[in-house]
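> Okay, so here is run34.tsv, and as you'll see once you scroll down, it has TSV, C-alpha atoms.
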chain	number	residue	atom	x	y	z
A	1	MET	CA	8.18	-5.00	74.29
A	2	THR	CA	8.42	-7.87	76.75
A	3	VAL	CA	7.17	-11.45	76.81
A	4	LEU	CA	5.71	-12.50	80.16
A	5	ILE	CA	6.00	-16.20	80.97
A	6	LEU	CA	3.83	-17.42	83.83
A	7	THR	CA	5.33	-20.65	85.06
A	8	SER	CA	7.23	-22.38	87.85
A	9	GLU	CA	11.00	-22.43	88.17
A	10	GLN	CA	11.04	-26.21	87.69
A	11	ASP	CA	9.48	-26.01	84.23
A	12	VAL	CA	12.36	-27.02	81.95
A	13	THR	CA	10.05	-27.21	78.94
A	14	ALA	CA	9.61	-23.45	79.35
A	15	ASP	CA	13.41	-23.23	79.41
A	16	MET	CA	13.41	-24.41	75.78
A	17	VAL	CA	11.36	-21.37	74.83
A	18	VAL	CA	13.31	-19.00	77.10
A	19	ALA	CA	16.51	-20.04	75.31
A	20	GLN	CA	14.88	-19.34	71.94
A	21	LEU	CA	13.77	-15.89	73.11
A	22	HIS	CA	17.29	-15.15	74.37
A	23	GLU	CA	18.64	-16.07	70.93
A	24	ARG	CA	16.19	-13.70	69.31
A	25	GLY	CA	17.10	-10.92	71.75
A	26	VAL	CA	13.49	-10.66	72.93
A	27	PRO	CA	13.10	-9.30	76.49
A	28	LEU	CA	11.22	-11.60	78.83
A	29	VAL	CA	10.14	-11.83	82.43
A	30	ARG	CA	9.50	-15.23	83.97
A	31	PHE	CA	7.02	-14.90	86.80
A	32	ASP	CA	5.52	-17.57	89.02
A	33	PRO	CA	2.16	-16.46	90.47
A	34	GLY	CA	2.95	-18.75	93.38
A	35	ASP	CA	5.58	-16.18	94.42
A	36	LEU	CA	2.97	-13.43	94.75
A	37	PRO	CA	3.13	-11.82	97.29
A	38	GLY	CA	6.78	-12.16	98.18
A	39	GLU	CA	9.44	-12.70	95.52
A	40	GLY	CA	6.89	-11.43	93.03
A	41	ALA	CA	5.18	-8.08	93.41
A	42	LEU	CA	2.73	-5.89	91.52
A	43	SER	CA	1.16	-2.49	91.59
A	44	ALA	CA	-1.51	-1.00	89.35
A	45	GLU	CA	-3.38	2.26	89.54
A	46	TYR	CA	-6.66	3.16	87.89
A	47	VAL	CA	-6.18	6.52	86.16
A	48	ARG	CA	-8.65	8.06	83.69
A	49	GLY	CA	-10.16	4.82	82.55
A	50	GLU	CA	-6.93	2.84	82.38
A	51	PHE	CA	-5.09	0.58	84.76
A	52	ARG	CA	-1.39	1.42	84.67
A	53	GLY	CA	1.08	-0.58	86.61
A	54	TYR	CA	3.91	-3.02	86.73
A	55	LEU	CA	5.03	-6.45	87.81
A	56	SER	CA	8.37	-7.36	89.31
A	57	ALA	CA	10.16	-10.64	89.83
A	58	GLY	CA	13.79	-11.57	90.30
A	59	GLY	CA	14.86	-7.95	90.20
A	60	ARG	CA	13.13	-7.33	86.86
A	61	VAL	CA	10.30	-4.90	86.43
A	62	VAL	CA	7.89	-4.86	83.51
A	63	SER	CA	5.16	-2.32	82.91
A	64	MET	CA	1.71	-3.48	81.87
A	65	SER	CA	1.91	-1.30	78.76
A	66	GLY	CA	5.21	-2.92	77.82
A	67	LEU	CA	3.85	-6.46	77.45
A	68	ARG	CA	3.62	-7.91	73.95
A	69	SER	CA	2.45	-11.39	74.93
A	70	ILE	CA	1.69	-13.60	77.93
A	71	TRP	CA	2.35	-17.33	77.99
A	72	MET	CA	0.30	-19.24	80.58
A	73	ARG	CA	2.57	-22.24	80.89
A	74	ARG	CA	2.69	-24.00	84.26
A	75	PRO	CA	1.96	-21.30	86.85
A	76	ASN	CA	1.58	-22.30	90.45
A	77	GLU	CA	-1.55	-21.27	92.30
A	78	PRO	CA	-1.25	-17.58	93.22
A	79	ALA	CA	0.27	-17.14	96.70
A	80	ALA	CA	1.21	-20.83	96.87
A	81	HIS	CA	4.62	-19.89	98.28
A	82	ALA	CA	3.37	-17.20	100.65
A	83	ALA	CA	4.55	-17.27	104.24
A	84	GLU	CA	0.97	-17.91	105.35
A	85	PRO	CA	-0.82	-19.40	102.33
A	86	SER	CA	-4.59	-19.66	102.33
A	87	ALA	CA	-7.46	-20.05	99.86
A	88	TRP	CA	-8.41	-16.46	100.58
A	89	LEU	CA	-4.94	-15.12	99.82
A	90	SER	CA	-4.78	-17.17	96.61
A	91	ALA	CA	-8.12	-15.75	95.50
A	92	GLU	CA	-7.05	-12.19	96.30
A	93	SER	CA	-3.69	-12.59	94.58
A	94	GLY	CA	-5.22	-14.30	91.55
A	95	GLN	CA	-7.82	-11.56	91.10
A	96	ALA	CA	-5.18	-8.86	91.39
A	97	LEU	CA	-2.72	-10.50	88.98
A	98	TYR	CA	-4.99	-11.86	86.29
A	99	GLY	CA	-7.41	-8.93	86.52
A	100	MET	CA	-4.48	-6.60	85.97
A	101	LEU	CA	-3.08	-8.62	83.08
A	102	ASP	CA	-6.51	-8.80	81.46
A	103	CYS	CA	-6.39	-4.99	81.21
A	104	THR	CA	-3.33	-5.09	78.93
A	105	ASN	CA	-3.27	-5.31	75.14
A	106	ALA	CA	-0.93	-8.31	75.24
A	107	ARG	CA	-2.01	-11.42	73.41
A	108	TRP	CA	-2.32	-14.61	75.39
A	109	MET	CA	-1.24	-18.17	74.84
A	110	ASN	CA	-3.84	-19.16	75.95
A	111	ASP	CA	-6.46	-16.65	77.06
A	112	PRO	CA	-7.45	-17.74	80.62
A	113	GLY	CA	-11.18	-17.69	79.86
A	114	ALA	CA	-10.72	-19.79	76.75
A	115	ALA	CA	-8.41	-22.12	78.65
A	116	THR	CA	-10.98	-22.73	81.38
A	117	LYS	CA	-13.63	-23.66	78.86
A	118	ALA	CA	-11.24	-25.74	76.79
A	119	ARG	CA	-10.50	-27.98	79.78
A	120	GLN	CA	-14.08	-29.25	79.88
A	121	LYS	CA	-14.16	-32.72	78.36
A	122	PRO	CA	-17.83	-32.72	77.26
A	123	TRP	CA	-17.33	-29.38	75.52
A	124	GLN	CA	-14.16	-30.72	73.86
A	125	LEU	CA	-15.98	-33.69	72.37
A	126	ARG	CA	-18.83	-31.59	71.03
A	127	LEU	CA	-16.42	-29.08	69.54
A	128	ALA	CA	-14.31	-31.88	68.05
A	129	HIS	CA	-17.34	-33.29	66.28
A	130	ARG	CA	-18.30	-29.86	64.95
A	131	SER	CA	-14.72	-29.35	63.74
A	132	GLY	CA	-14.76	-32.53	61.68
A	133	PHE	CA	-12.90	-35.04	63.85
A	134	PRO	CA	-14.13	-38.60	64.31
A	135	VAL	CA	-15.02	-38.91	68.01
A	136	PRO	CA	-15.61	-42.21	69.87
A	137	ALA	CA	-18.99	-42.75	71.52
A	138	THR	CA	-18.80	-41.39	75.06
A	139	ILE	CA	-20.99	-41.23	78.13
A	140	ILE	CA	-20.71	-39.32	81.39
A	141	THR	CA	-23.12	-40.51	84.03
A	142	THR	CA	-23.82	-41.05	87.69
A	143	TYR	CA	-26.32	-43.86	86.92
A	144	PRO	CA	-24.81	-47.34	87.34
A	145	GLN	CA	-27.48	-48.88	85.11
A	146	VAL	CA	-26.78	-46.43	82.29
A	147	ALA	CA	-23.04	-47.11	82.55
A	148	ARG	CA	-23.68	-50.86	82.44
A	149	GLN	CA	-25.89	-50.55	79.37
A	150	PHE	CA	-23.25	-48.44	77.61
A	151	ALA	CA	-20.58	-51.05	78.37
A	152	GLU	CA	-22.84	-53.86	77.11
A	153	GLN	CA	-23.67	-51.93	73.94
A	154	TYR	CA	-20.05	-51.29	72.94
A	155	ARG	CA	-18.54	-54.38	74.63
A	156	HIS	CA	-15.09	-52.80	74.92
A	157	VAL	CA	-15.07	-49.48	76.78
A	158	VAL	CA	-12.48	-47.50	78.67
A	159	VAL	CA	-12.88	-45.37	81.77
A	160	LYS	CA	-11.04	-42.11	82.27
A	161	THR	CA	-11.34	-39.10	84.52
A	162	VAL	CA	-13.72	-36.36	83.47
A	163	SER	CA	-11.40	-33.53	84.47
A	164	GLY	CA	-8.12	-35.27	83.79
A	165	LYS	CA	-7.04	-34.30	87.27
A	166	PRO	CA	-5.82	-37.12	89.52
A	167	PRO	CA	-6.91	-37.29	93.17
A	168	SER	CA	-4.42	-35.72	95.55
A	169	ASP	CA	-5.60	-37.19	98.82
A	170	PRO	CA	-4.29	-39.81	98.64
A	171	PRO	CA	-2.21	-39.05	95.54
A	172	MET	CA	-3.13	-41.45	92.76
A	173	ALA	CA	-2.61	-41.84	89.04
A	174	LEU	CA	-5.68	-42.59	86.96
A	175	PRO	CA	-4.59	-43.97	83.59
A	176	THR	CA	-7.25	-44.59	80.98
A	177	THR	CA	-8.19	-48.22	81.55
A	178	LEU	CA	-10.17	-50.92	79.75
A	179	VAL	CA	-13.20	-51.85	81.83
A	180	PRO	CA	-13.33	-55.62	82.47
A	181	PRO	CA	-16.49	-57.54	81.41
A	182	ASP	CA	-17.40	-58.39	85.00
A	183	ALA	CA	-17.07	-54.81	86.31
A	184	ASP	CA	-19.32	-53.73	89.18
A	185	PHE	CA	-20.73	-50.34	88.20
A	186	ALA	CA	-22.11	-49.47	91.66
A	187	GLY	CA	-19.34	-46.91	92.17
A	188	VAL	CA	-20.67	-44.85	89.25
A	189	ALA	CA	-23.18	-43.41	91.73
A	190	ALA	CA	-20.30	-42.05	93.83
A	191	GLY	CA	-18.94	-39.75	91.14
A	192	PRO	CA	-19.56	-38.74	87.51
A	193	THR	CA	-17.98	-41.44	85.39
A	194	LEU	CA	-16.72	-41.07	81.83
A	195	LEU	CA	-16.84	-44.19	79.67
A	196	GLN	CA	-15.74	-44.21	76.05
A	197	ARG	CA	-15.82	-46.80	73.30
A	198	TYR	CA	-12.40	-48.39	73.13
A	199	ILE	CA	-10.51	-47.69	69.92
A	200	ALA	CA	-8.19	-50.59	69.09
A	201	LYS	CA	-5.24	-48.51	68.06
A	202	ARG	CA	-2.04	-49.22	66.23
A	203	ALA	CA	-0.47	-45.93	67.27
A	204	ASP	CA	-0.81	-42.87	69.47
A	205	VAL	CA	-0.59	-39.49	67.79
A	206	ARG	CA	0.23	-36.23	69.56
A	207	LEU	CA	-0.35	-33.16	67.42
A	208	THR	CA	0.90	-29.88	68.84
A	209	SER	CA	-0.50	-26.77	67.25
A	210	VAL	CA	1.12	-23.38	67.80
A	211	GLY	CA	-0.65	-20.51	66.10
A	212	ASP	CA	-1.13	-21.65	62.51
A	213	GLU	CA	1.58	-24.32	62.71
A	214	GLN	CA	1.02	-28.01	63.37
A	215	PHE	CA	3.58	-30.58	64.53
A	216	ALA	CA	2.53	-34.21	64.69
A	217	ALA	CA	4.33	-37.15	66.23
A	218	ARG	CA	3.35	-40.80	66.19
A	219	LYS	CA	4.26	-43.69	68.48
A	220	VAL	CA	3.45	-47.29	67.66
A	221	SER	CA	1.28	-49.02	70.27
A	222	GLU	CA	1.48	-52.53	71.55
A	223	PRO	CA	-1.61	-54.68	70.88
A	224	GLY	CA	-4.14	-54.00	73.67
A	225	GLN	CA	-2.26	-50.99	75.01
A	226	VAL	CA	-4.72	-48.38	76.25
A	227	ASP	CA	-2.96	-45.39	77.82
A	228	GLY	CA	0.20	-44.56	75.91
A	229	ARG	CA	1.54	-42.49	78.81
A	230	TYR	CA	2.03	-45.56	80.95
A	231	GLY	CA	4.27	-48.52	80.25
A	232	ASP	CA	7.44	-48.44	78.19
A	233	THR	CA	6.89	-50.36	74.96
A	234	GLY	CA	10.28	-49.58	73.47
A	235	HIS	CA	8.70	-47.54	70.70
A	236	VAL	CA	9.61	-43.89	70.24
A	237	TRP	CA	7.86	-40.79	68.98
A	238	GLU	CA	8.52	-40.06	65.33
A	239	PRO	CA	7.39	-37.16	63.15
A	240	VAL	CA	4.37	-37.94	61.00
A	241	GLU	CA	2.61	-36.06	58.23
A	242	VAL	CA	-0.78	-34.63	59.13
A	243	PRO	CA	-3.69	-35.72	56.92
A	244	ALA	CA	-5.36	-32.77	55.21
A	245	ARG	CA	-8.67	-33.50	56.92
A	246	ILE	CA	-7.00	-33.33	60.33
A	247	THR	CA	-5.17	-30.12	59.46
A	248	ARG	CA	-8.50	-28.48	58.65
A	249	ALA	CA	-10.20	-29.88	61.76
A	250	VAL	CA	-7.41	-28.69	64.08
A	251	ALA	CA	-7.60	-25.19	62.63
A	252	ALA	CA	-11.39	-25.16	62.99
A	253	TYR	CA	-11.24	-26.45	66.57
A	254	LYS	CA	-8.70	-23.87	67.69
A	255	ASP	CA	-10.62	-21.12	65.99
A	256	LEU	CA	-13.89	-22.11	67.68
A	257	ALA	CA	-12.14	-22.53	71.03
A	258	ASN	CA	-10.09	-19.32	70.70
A	259	LEU	CA	-6.88	-21.20	71.45
A	260	ALA	CA	-3.41	-20.13	70.32
A	261	TYR	CA	-1.94	-23.43	71.53
A	262	GLY	CA	-3.33	-26.93	71.76
A	263	ALA	CA	-1.91	-30.44	72.15
A	264	PHE	CA	-4.27	-32.92	70.51
A	265	ASP	CA	-4.27	-36.64	71.33
A	266	PHE	CA	-5.49	-39.16	68.78
A	267	ALA	CA	-5.76	-42.94	68.58
A	268	GLU	CA	-4.86	-44.22	65.11
A	269	ASP	CA	-6.88	-47.33	64.27
A	270	SER	CA	-6.01	-50.19	61.91
A	271	GLU	CA	-7.42	-48.28	58.94
A	272	GLY	CA	-5.34	-45.21	59.65
A	273	THR	CA	-8.19	-43.08	61.03
A	274	TRP	CA	-7.16	-40.58	63.70
A	275	TRP	CA	-9.83	-40.65	66.45
A	276	PHE	CA	-10.02	-37.52	68.59
A	277	LEU	CA	-9.42	-38.28	72.27
A	278	GLU	CA	-8.77	-34.86	73.74
A	279	CYS	CA	-7.18	-31.48	73.29
A	280	ASN	CA	-4.92	-30.39	76.14
A	281	GLN	CA	-4.87	-26.62	75.97
A	282	GLY	CA	-1.66	-26.52	78.00
A	283	GLY	CA	-0.26	-29.90	77.02
A	284	GLN	CA	3.41	-30.79	77.32
A	285	PHE	CA	5.55	-30.66	74.21
A	286	GLY	CA	9.10	-31.06	75.53
A	287	PHE	CA	9.11	-34.84	75.24
A	288	VAL	CA	7.97	-34.66	71.61
A	289	GLU	CA	10.65	-32.15	70.66
A	290	LEU	CA	13.36	-34.10	72.48
A	291	GLU	CA	12.51	-37.34	70.64
A	292	THR	CA	11.59	-36.01	67.21
A	293	GLY	CA	13.45	-32.74	66.81
A	294	LEU	CA	10.22	-31.03	65.77
A	295	PRO	CA	10.85	-27.29	66.36
A	296	ILE	CA	7.93	-26.64	68.69
A	297	ALA	CA	9.78	-24.39	71.16
A	298	GLU	CA	10.94	-22.26	68.24
A	299	ALA	CA	7.35	-21.94	67.06
A	300	VAL	CA	6.16	-20.93	70.54
A	301	ALA	CA	8.95	-18.34	70.80
A	302	GLY	CA	8.04	-17.04	67.35
A	303	TRP	CA	4.38	-16.67	68.30
A	304	LEU	CA	5.23	-14.92	71.57
A	305	SER	CA	7.70	-12.60	69.82
A	306	PHE	CA	5.34	-11.50	67.11
A	307	THR	CA	4.62	-7.80	66.98
A	308	ALA	CA	2.00	-6.45	64.63
A	309	GLU	CA	3.45	-3.81	62.29
B	310	MET	CA	-18.42	-45.92	98.30
B	311	ARG	CA	-15.43	-45.29	96.02
B	312	PRO	CA	-15.99	-43.55	92.69
B	313	PHE	CA	-15.94	-46.13	89.89
B	314	VAL	CA	-12.80	-44.76	88.25
B	315	TRP	CA	-10.87	-45.17	91.51
B	316	ASN	CA	-11.09	-48.93	91.04
B	317	TYR	CA	-8.49	-48.52	88.31
B	318	ALA	CA	-6.17	-46.14	90.13
B	319	ARG	CA	-2.55	-46.86	90.77
B	320	PRO	CA	-0.18	-45.20	93.23
B	321	ALA	CA	1.11	-41.87	91.97
B	322	GLU	CA	4.72	-41.85	90.94
B	323	LEU	CA	6.86	-39.73	93.23
B	324	SER	CA	8.30	-36.65	91.64
B	325	PRO	CA	11.99	-37.21	90.98
B	326	VAL	CA	14.47	-35.39	93.19
B	327	ILE	CA	16.55	-33.42	90.73
B	328	ASP	CA	19.93	-32.15	91.81
B	329	GLN	CA	21.62	-32.13	88.41
B	330	TYR	CA	20.32	-28.65	87.64
B	331	SER	CA	18.83	-25.65	89.38
B	332	TYR	CA	17.07	-22.42	88.49
B	333	ASP	CA	19.22	-19.43	87.61
B	334	PRO	CA	17.24	-16.21	88.18
B	335	ILE	CA	19.66	-14.22	86.00
B	336	LEU	CA	19.23	-16.40	82.92
B	337	GLN	CA	15.62	-17.25	83.89
B	338	LEU	CA	16.17	-20.92	83.12
B	339	ASN	CA	17.62	-24.00	84.78
B	340	VAL	CA	21.35	-24.59	84.55
B	341	LEU	CA	23.58	-27.62	85.04
B	342	THR	CA	26.26	-27.63	87.69
B	343	ASP	CA	28.78	-26.50	85.04
B	344	GLY	CA	26.66	-23.46	84.23
B	345	ARG	CA	25.26	-24.65	80.89
B	346	PRO	CA	21.49	-24.50	80.37
B	347	ALA	CA	19.91	-27.79	81.46
B	348	ILE	CA	18.20	-28.09	78.07
B	349	MET	CA	21.65	-28.70	76.54
B	350	ASP	CA	21.63	-32.12	78.21
B	351	ARG	CA	18.69	-33.67	76.41
B	352	ALA	CA	19.55	-37.17	77.61
B	353	LEU	CA	19.24	-35.95	81.18
B	354	LEU	CA	15.86	-34.31	80.56
B	355	ALA	CA	14.58	-37.48	78.96
B	356	ALA	CA	15.88	-39.55	81.89
B	357	VAL	CA	14.26	-37.44	84.61
B	358	GLY	CA	11.01	-37.19	82.68
B	359	THR	CA	10.32	-33.56	83.46
B	360	THR	CA	9.13	-32.82	79.95
B	361	THR	CA	6.79	-35.77	79.51
B	362	SER	CA	3.02	-35.75	79.36
B	363	LYS	CA	2.87	-37.01	82.94
B	364	ALA	CA	5.34	-34.44	84.25
B	365	GLY	CA	2.83	-31.97	85.52
B	366	SER	CA	0.18	-34.36	86.61
B	367	ALA	CA	0.61	-33.72	90.29
B	368	THR	CA	-0.26	-30.07	90.02
B	369	HIS	CA	-1.56	-29.54	86.49
B	370	PHE	CA	-4.06	-31.50	84.50
B	371	ASP	CA	-3.23	-30.23	81.05
B	372	ASP	CA	-0.80	-32.90	79.96
Would you mind writing the structure in this file as structure tokens?


Amino acid sequence: MTVLILTSEQDVTADMVVAQLHERGVPLVRFDPGDLPGEGALSAEYVRGEFRGYLSAGGRVVSMSGLRSIWMRRPNEPAAHAAEPSAWLSAESGQALYGMLDCTNARWMNDPGAATKARQKPWQLRLAHRSGFPVPATIITTYPQVARQFAEQYRHVVVKTVSGKPPSDPPMALPTTLVPPDADFAGVAAGPTLLQRYIAKRADVRLTSVGDEQFAARKVSEPGQVDGRYGDTGHVWEPVEVPARITRAVAAYKDLANLAYGAFDFAEDSEGTWWFLECNQGGQFGFVELETGLPIAEAVAGWLSFTAE
Amino acid sequence: MRPFVWNYARPAELSPVIDQYSYDPILQLNVLTDGRPAIMDRALLAAVGTTTSKAGSATHFDD
């Protein structure tokens, strides 16, 4: 039985898992949907109530019935590398590929439907609260007056993107930023704006959960630092024990969200409370493993390799 | 009118040009110029930042 990894060639974090699968002798096919049609190909036939077919990439062929698991890592948009790419061709290729894979019995990390829902920030915050995490007060609005009132109420608030996706035209980075006291909120009317009560943190925590396993790493913050992804403070990620309450909340969250994998971000305040910021259903883990030695790639490979007796 | 959050944008970092390793379709992973898997050189991966939580930001928003 074969593991199917949907990702780009440039994804070296996936390489960490590929190497683990090689060590275990587990067959795998690495397939970038961006190569379909072209380097990647597929065929499936509907016969007596079943779709039977196969995928091929790089000279390897895998049958749909021979898949044990599918890892949605960092796939390019279907048909992204086609000779004549178009939105139509991407839609056609995506329907063919993912519709075909949805007809298999393979288990997903993560199921595409669950992944789509899990990306929605409002849904994340509601689910986090229901799972038992402390969640900072948050507002999403297109009303400048409402945004201003929220900022006045909490005094220190941050702004972040709703989707997490940065603009591409022109390409920009949108780090989570503390809103200054004299901010002009007129631009709130030009796009849904997410404001959140600022948590004065003493550390960032990244907890990566793979199946039933949890790996947490902590990095000390500089006073006033907001977005830990930007600015080198000289501090490094170190393994940290997970409080029992968080362990339970992570398990509940993933169960409710139907996620096999999740990378949770927390802000640790001066009293040691871990405030839920977000759960990235496809979040990076390579940097955590490289700095801490936490065996996350091994856990992913183990989950993908699992075969029910 | 610019969306409010754009007031706090900064220029996107350019993706690094990486010529220290390349994809090997036989092994299905990236290899260094001496043929070893790129993941063997952890210092290099850390330096080029391809495994960080900003690495996929240009095309993916699950970081």

> Here is a test: counting all atoms listed in the file, which residue of A:Met16, A:Ala297, A:Ala267, A:Ala82 is nearest to chain B?

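Among A:Met16, A:Ala297, A:Ala267, A:Ala82, it is A:Met16 that comes nearest to chain B.
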
> Select, from A:Gly282, A:Gly49, A:Gly34, A:Pro144, the residue with the minimum atom-to-atom distance to Pro312 in chain B, counting only C-alpha atoms.

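Between A:Gly282, A:Gly49, A:Gly34, A:Pro144, the residue approaching Pro312 in chain B most closely is A:Pro144.
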
> Within 7 Å of chain B, which residues belong to chain A? Use all atoms listed in the file and report them as number ranges by chain.

A: 9, 12-13, 15-16, 18, 30, 58, 159-161, 164-165, 171-174, 177, 185, 187-188, 190-191, 193, 229, 280-284, 286-287, 290

> Which value, in Å to one decimal, gives the distance between CA of Asp227 in chain A and CA of Thr176 in chain A?

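Between CA of Asp227 in chain A and CA of Thr176 in chain A the gap works out to 5.4 Å.
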
> What does the distance from CA of Glu278 in chain A to CA of Pro78 in chain A come to in Å, to one decimal?

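A separation of 27.1 Å between them.
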
> When distances are computed from only C-alpha atoms, which of A:Val240, A:Ala19, A:Ala203, A:Leu256 shows the smallest separation from Glu222 in chain A?

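That would be A:Ala203, the residue with the smallest distance to Glu222 in chain A.
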
> At what distance in Å, to one decimal, does CA of Tyr98 in chain A lie from CA of Glu213 in chain A?

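It comes out at 27.5 Å.
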
> Just want the 12 Å neighbourhood of Tyr54 in chain A, counted on all atoms listed in the file, with same-chain residues fewer than 4 positions away dropped. Output as a PyMOL selection string.

chain A and resi 2+4+29+40-45+60-67+96-97+100-101+103-104

> Could you turn the residues from that selection into a file that holds C-alpha atoms, as a short mmCIF file (atom, residue, chain, number, x, y, z; two decimals), in the coordinates of the input?


data_model
loop_
_atom_site.label_atom_id
_atom_site.label_comp_id
_atom_site.auth_asym_id
_atom_site.auth_seq_id
_atom_site.Cartn_x
_atom_site.Cartn_y
_atom_site.Cartn_z
CA THR A 2 8.42 -7.87 76.75
CA LEU A 4 5.71 -12.50 80.16
CA VAL A 29 10.14 -11.83 82.43
CA GLY A 40 6.89 -11.43 93.03
CA ALA A 41 5.18 -8.08 93.41
CA LEU A 42 2.73 -5.89 91.52
CA SER A 43 1.16 -2.49 91.59
CA ALA A 44 -1.51 -1.00 89.35
CA GLU A 45 -3.38 2.26 89.54
CA ARG A 60 13.13 -7.33 86.86
CA VAL A 61 10.30 -4.90 86.43
CA VAL A 62 7.89 -4.86 83.51
CA SER A 63 5.16 -2.32 82.91
CA MET A 64 1.71 -3.48 81.87
CA SER A 65 1.91 -1.30 78.76
CA GLY A 66 5.21 -2.92 77.82
CA LEU A 67 3.85 -6.46 77.45
CA ALA A 96 -5.18 -8.86 91.39
CA LEU A 97 -2.72 -10.50 88.98
CA MET A 100 -4.48 -6.60 85.97
CA LEU A 101 -3.08 -8.62 83.08
CA CYS A 103 -6.39 -4.99 81.21
CA THR A 104 -3.33 -5.09 78.93
#

> I'd like the contact shell of Arg202 in chain A - 12 Å cut-off, all atoms listed in the file, skipping same-chain residues fewer than 4 positions apart - returned as JSON, numbers by chain.

{"A": [218, 219, 220, 221, 222, 223, 224, 225, 226, 228, 235, 266, 267, 268, 269, 270, 271, 272, 273, 274, 275]}
